[in-house]
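K.L.:
Structure file work-v5.json (JSON, C-alpha atoms (C1' of nucleotides)) right here:
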[["chain", "number", "residue", "atom", "x", "y", "z"],
["A", 2, "MET", "CA", 120.78, 91.45, 124.94],
["A", 3, "THR", "CA", 118.54, 91.25, 127.97],
["A", 4, "ASP", "CA", 115.92, 88.64, 128.65],
["A", 5, "ASP", "CA", 113.21, 91.18, 127.91],
["A", 6, "ASP", "CA", 114.80, 92.12, 124.60],
["A", 7, "GLN", "CA", 114.57, 88.54, 123.50],
["A", 8, "ARG", "CA", 110.89, 88.39, 124.38],
["A", 9, "ARG", "CA", 110.17, 91.55, 122.42],
["A", 10, "ASN", "CA", 111.93, 90.10, 119.39],
["A", 11, "MET", "CA", 110.20, 86.75, 119.41],
["A", 12, "ALA", "CA", 108.22, 86.39, 116.21],
["A", 13, "LEU", "CA", 104.83, 85.28, 117.43],
["A", 14, "PHE", "CA", 102.16, 87.08, 115.42],
["A", 15, "SER", "CA", 100.73, 86.16, 112.05],
["A", 16, "MET", "CA", 99.78, 88.67, 109.38],
["A", 17, "GLY", "CA", 96.12, 88.37, 110.33],
["A", 18, "ILE", "CA", 96.81, 89.12, 113.98],
["A", 19, "VAL", "CA", 99.00, 92.10, 113.15],
["A", 20, "MET", "CA", 96.39, 93.50, 110.81],
["A", 21, "LYS", "CA", 93.91, 93.58, 113.67],
["A", 22, "LEU", "CA", 96.48, 94.84, 116.16],
["A", 23, "THR", "CA", 97.58, 97.74, 113.98],
["A", 24, "ASP", "CA", 94.47, 98.35, 111.90],
["A", 25, "LEU", "CA", 96.68, 98.35, 108.80],
["A", 26, "THR", "CA", 95.99, 96.37, 105.62],
["A", 27, "ALA", "CA", 98.21, 93.46, 104.62],
["A", 28, "ARG", "CA", 99.15, 95.50, 101.57],
["A", 29, "GLN", "CA", 100.37, 98.37, 103.71],
["A", 30, "ILE", "CA", 102.31, 96.12, 106.06],
["A", 31, "ARG", "CA", 104.04, 94.37, 103.17],
["A", 32, "TYR", "CA", 104.80, 97.68, 101.52],
["A", 33, "TYR", "CA", 106.39, 99.06, 104.67],
["A", 34, "GLU", "CA", 108.51, 95.94, 104.81],
["A", 35, "GLN", "CA", 109.62, 96.51, 101.21],
["A", 36, "GLN", "CA", 110.62, 100.01, 102.21],
["A", 37, "GLY", "CA", 112.79, 98.62, 104.98],
["A", 38, "LEU", "CA", 110.67, 100.03, 107.78],
["A", 39, "VAL", "CA", 110.11, 96.63, 109.41],
["A", 40, "ASN", "CA", 111.74, 93.24, 109.03],
["A", 41, "PRO", "CA", 109.41, 90.48, 110.23],
["A", 42, "ALA", "CA", 110.84, 86.95, 110.40],
["A", 43, "ARG", "CA", 109.67, 84.22, 108.06],
["A", 44, "THR", "CA", 108.39, 80.75, 108.70],
["A", 45, "VAL", "CA", 109.58, 77.73, 106.75],
["A", 46, "GLY", "CA", 106.61, 78.32, 104.46],
["A", 47, "ASN", "CA", 107.70, 81.91, 103.83],
["A", 48, "GLN", "CA", 104.92, 83.33, 105.99],
["A", 49, "ARG", "CA", 105.73, 86.52, 107.88],
["A", 50, "THR", "CA", 105.92, 86.28, 111.66],
["A", 51, "PHE", "CA", 105.95, 89.49, 113.64],
["A", 52, "SER", "CA", 107.50, 90.23, 117.01],
["A", 53, "PHE", "CA", 106.16, 92.62, 119.60],
["A", 54, "ASN", "CA", 108.80, 95.07, 118.42],
["A", 55, "ASP", "CA", 107.57, 94.77, 114.86],
["A", 56, "VAL", "CA", 104.03, 95.56, 115.95],
["A", 57, "GLU", "CA", 105.17, 98.57, 117.95],
["A", 58, "ARG", "CA", 107.12, 99.87, 114.99],
["A", 59, "LEU", "CA", 104.15, 99.46, 112.69],
["A", 60, "LEU", "CA", 102.04, 101.46, 115.12],
["A", 61, "GLU", "CA", 104.64, 104.22, 115.06],
["A", 62, "ILE", "CA", 104.72, 104.14, 111.28],
["A", 63, "LYS", "CA", 100.93, 104.38, 111.17],
["A", 64, "LYS", "CA", 100.99, 107.36, 113.50],
["A", 65, "TRP", "CA", 103.54, 109.17, 111.36],
["A", 66, "ILE", "CA", 101.70, 108.42, 108.16],
["A", 67, "GLU", "CA", 98.60, 109.93, 109.70],
["A", 68, "LYS", "CA", 100.64, 112.98, 110.60],
["A", 69, "GLY", "CA", 101.44, 113.36, 106.92],
["A", 70, "ILE", "CA", 105.06, 112.21, 106.99],
["A", 71, "ASN", "CA", 106.19, 110.30, 103.92],
["A", 72, "ILE", "CA", 108.13, 107.04, 103.79],
["A", 73, "ALA", "CA", 111.43, 108.83, 103.25],
["A", 74, "GLY", "CA", 110.86, 110.85, 106.36],
["A", 75, "ILE", "CA", 109.88, 107.83, 108.42],
["A", 76, "LYS", "CA", 113.00, 106.02, 107.30],
["A", 77, "GLN", "CA", 115.07, 108.78, 108.82],
["A", 78, "MET", "CA", 113.06, 108.59, 112.03],
["A", 79, "ILE", "CA", 113.61, 104.84, 112.32],
["A", 80, "ASN", "CA", 117.03, 104.01, 110.93],
["A", 81, "PRO", "CA", 119.62, 104.75, 113.63],
["A", 82, "THR", "CA", 121.84, 107.11, 111.70],
["A", 83, "ALA", "CA", 125.49, 107.45, 112.61],
["A", 84, "HIS", "CA", 125.10, 111.19, 112.57],
["A", 85, "THR", "CA", 125.77, 113.73, 115.25],
["A", 86, "ALA", "CA", 123.03, 115.20, 117.37],
["A", 87, "GLU", "CA", 123.55, 118.42, 115.45],
["A", 88, "GLN", "CA", 122.94, 116.71, 112.13],
["A", 89, "GLN", "CA", 119.95, 114.78, 113.43],
["A", 90, "SER", "CA", 118.49, 118.00, 114.70],
["A", 91, "ASP", "CA", 118.89, 119.60, 111.31],
["A", 92, "GLU", "CA", 117.29, 116.62, 109.64],
["A", 93, "ALA", "CA", 114.35, 116.70, 112.00],
["A", 94, "ILE", "CA", 113.83, 120.38, 111.33],
["A", 95, "ALA", "CA", 114.02, 119.77, 107.62],
["A", 96, "LEU", "CA", 111.22, 117.25, 107.95],
["A", 97, "ILE", "CA", 109.12, 119.56, 110.05],
["A", 98, "SER", "CA", 109.54, 122.40, 107.58],
["A", 99, "LEU", "CA", 107.57, 120.30, 105.13],
["A", 100, "SER", "CA", 104.51, 121.14, 107.19],
["A", 101, "GLU", "CA", 105.59, 124.66, 108.06],
["A", 102, "THR", "CA", 102.08, 126.00, 108.41],
["A", 103, "THR", "CA", 101.38, 123.71, 111.35],
["A", 104, "LEU", "CA", 104.21, 125.11, 113.44],
["A", 105, "PRO", "CA", 103.19, 127.22, 116.39],
["A", 106, "GLU", "CA", 104.04, 130.81, 115.58],
["A", 107, "LYS", "CA", 105.54, 131.52, 118.98],
["A", 108, "LEU", "CA", 108.24, 128.87, 118.71],
["A", 109, "SER", "CA", 111.11, 130.28, 116.70],
["A", 110, "ARG", "CA", 113.27, 128.12, 114.50],
["A", 111, "LYS", "CA", 116.19, 128.77, 116.80],
["A", 112, "GLN", "CA", 114.26, 127.73, 119.88],
["A", 113, "MET", "CA", 113.11, 124.58, 118.19],
["A", 114, "HIS", "CA", 116.62, 123.73, 117.08],
["A", 115, "GLN", "CA", 117.84, 124.11, 120.61],
["A", 116, "LEU", "CA", 115.04, 121.97, 122.00],
["A", 117, "LEU", "CA", 115.63, 119.23, 119.48],
["A", 118, "LYS", "CA", 119.36, 119.19, 120.07],
["A", 119, "GLN", "CA", 118.86, 119.02, 123.81],
["A", 120, "GLU", "CA", 116.52, 116.07, 123.54],
["A", 121, "LEU", "CA", 118.75, 114.30, 121.08],
["A", 122, "LEU", "CA", 121.65, 114.64, 123.49],
["A", 123, "GLU", "CA", 119.56, 113.27, 126.34],
["A", 124, "GLN", "CA", 118.57, 110.37, 124.15],
["A", 125, "ARG", "CA", 122.22, 109.66, 123.46],
["A", 126, "HIS", "CA", 122.95, 109.45, 127.14],
["A", 127, "GLY", "CA", 120.56, 106.55, 127.26],
["A", 128, "SER", "CA", 117.49, 108.13, 128.80],
["A", 129, "LYS", "CA", 114.21, 106.59, 127.73],
["A", 130, "ALA", "CA", 111.95, 106.84, 124.73],
["A", 131, "SER", "CA", 113.15, 108.50, 121.56],
["A", 132, "MET", "CA", 112.49, 112.22, 121.39],
["A", 133, "ILE", "CA", 111.60, 111.76, 117.78],
["A", 134, "GLN", "CA", 108.58, 109.62, 118.46],
["A", 135, "GLY", "CA", 107.55, 111.44, 121.59],
["A", 136, "GLN", "CA", 108.30, 115.13, 121.88],
["A", 137, "LEU", "CA", 108.62, 115.81, 118.19],
["A", 138, "SER", "CA", 105.07, 114.71, 117.50],
["A", 139, "ARG", "CA", 103.82, 117.74, 119.39],
["A", 140, "PHE", "CA", 104.93, 119.98, 116.56],
["A", 141, "PHE", "CA", 102.85, 118.30, 113.94],
["A", 142, "LYS", "CA", 99.26, 118.99, 112.99],
["A", 143, "LYS", "CA", 96.78, 117.13, 115.15],
["B", 13, "DT", "C1'", 91.31, 79.44, 105.31],
["B", 14, "DT", "C1'", 95.17, 82.34, 105.40],
["B", 15, "DT", "C1'", 99.13, 84.36, 103.38],
["B", 16, "DC", "C1'", 102.41, 85.14, 99.54],
["B", 17, "DT", "C1'", 104.13, 87.40, 95.19],
["B", 18, "DA", "C1'", 103.27, 89.95, 91.20],
["B", 19, "DA", "C1'", 100.74, 93.00, 88.57],
["B", 20, "DC", "C1'", 97.02, 96.34, 86.89],
["B", 21, "DA", "C1'", 89.92, 97.00, 83.26],
["C", 7, "DT", "C1'", 96.88, 101.83, 98.20],
["C", 8, "DG", "C1'", 93.21, 98.81, 96.48],
["C", 9, "DT", "C1'", 92.43, 94.61, 94.49],
["C", 10, "DT", "C1'", 92.72, 90.36, 91.95],
["C", 11, "DA", "C1'", 95.00, 86.00, 90.32],
["C", 12, "DG", "C1'", 97.04, 81.66, 91.26],
["C", 13, "DT", "C1'", 99.80, 79.34, 94.90],
["C", 14, "DA", "C1'", 101.64, 77.07, 98.93]]
As a first step, turn the structure in this file into structure tokens.

P.N.:
Amino acid sequence: MTDDDQRRNMALFSMGIVMKLTDLTARQIRYYEQQGLVNPARTVGNQRTFSFNDVERLLEIKKWIEKGINIAGIKQMINPTAHTAEQQSDEAIALISLSETTLPEKLSRKQMHQLLKQELLEQRHGSKASMIQGQLSRFFKK
DNA sequence: TTTCTAACA
DNA sequence: TGTTAGTA
């Protein structure tokens, strides 16, 4: 746990602040919490307090919702599964197939599978941002 | 005033 | 998801 990690996990923002930061309604934020997508801390008075990480996650969730991905799909994107890169790749493709018509015709299923696997492997070797939130978004309708 | 939970003319 | 009720 680095010093920076601790800063990112400090619960500093109130519901009102997060609503403005993410442009989401309180209802939506609470619902996403119920679905296990975010876990904001609580004050003694049971008020939610969000960390910078929570806000970032909510922004990612918002982006995926706008892309047409359902809660179930987002859960798979977020929850660090103990699956192999191969399995994760298959899961990602399964999600994408839900919006088949938005896939670029030139990119074959095989090519995509290879690309996804490659990026998943890179991610495993501790590169940088998750391929799922970065590269994968290119394949969805804009 | 703000946020929380629960519930639905 | 919106929205309202009754609280803390």

K.L.:
Counting all atoms listed in the file, collect the residues of chain C whose closest atom lies at most 10 Å from chain A, and write them out as a PyMOL selection string.

P.N.:
chain C and resi 7-9+14

K.L.:
Using all atoms listed in the file and a cut-off of 10 Å, which residues of chain B sit close to chain A? Please list them as a PyMOL selection string.

P.N.:
chain B and resi 14-16

K.L.:
Atom CA of Leu13 of chain A to atom C1' of DG12 of chain C: how many Å, to one decimal?

P.N.:
27.5 Å

K.L.:
Calculate how many Å separate atom CA of Arg58 of chain A from atom CA of Arg43 of chain A, rounding to one decimal.

P.N.:
17.3 Å

K.L.:
Can you work out the spacing between atom CA of Leu59 of chain A and atom CA of Arg8 of chain A in Å, to one decimal?

P.N.:
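Answer for the atom CA of Leu59 of chain A to atom CA of Arg8 of chain A separation: 17.5 Å.
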
K.L.:
Box time for segment 15-21 of chain B: axis-aligned, enclosing all its listed atoms, 3 Å extra on each side; report centre and edge lengths in Å to one decimal, as JSON.

P.N.:
{"center_x": 97.0, "center_y": 90.7, "center_z": 93.3, "size_x": 20.2, "size_y": 18.6, "size_z": 26.1}
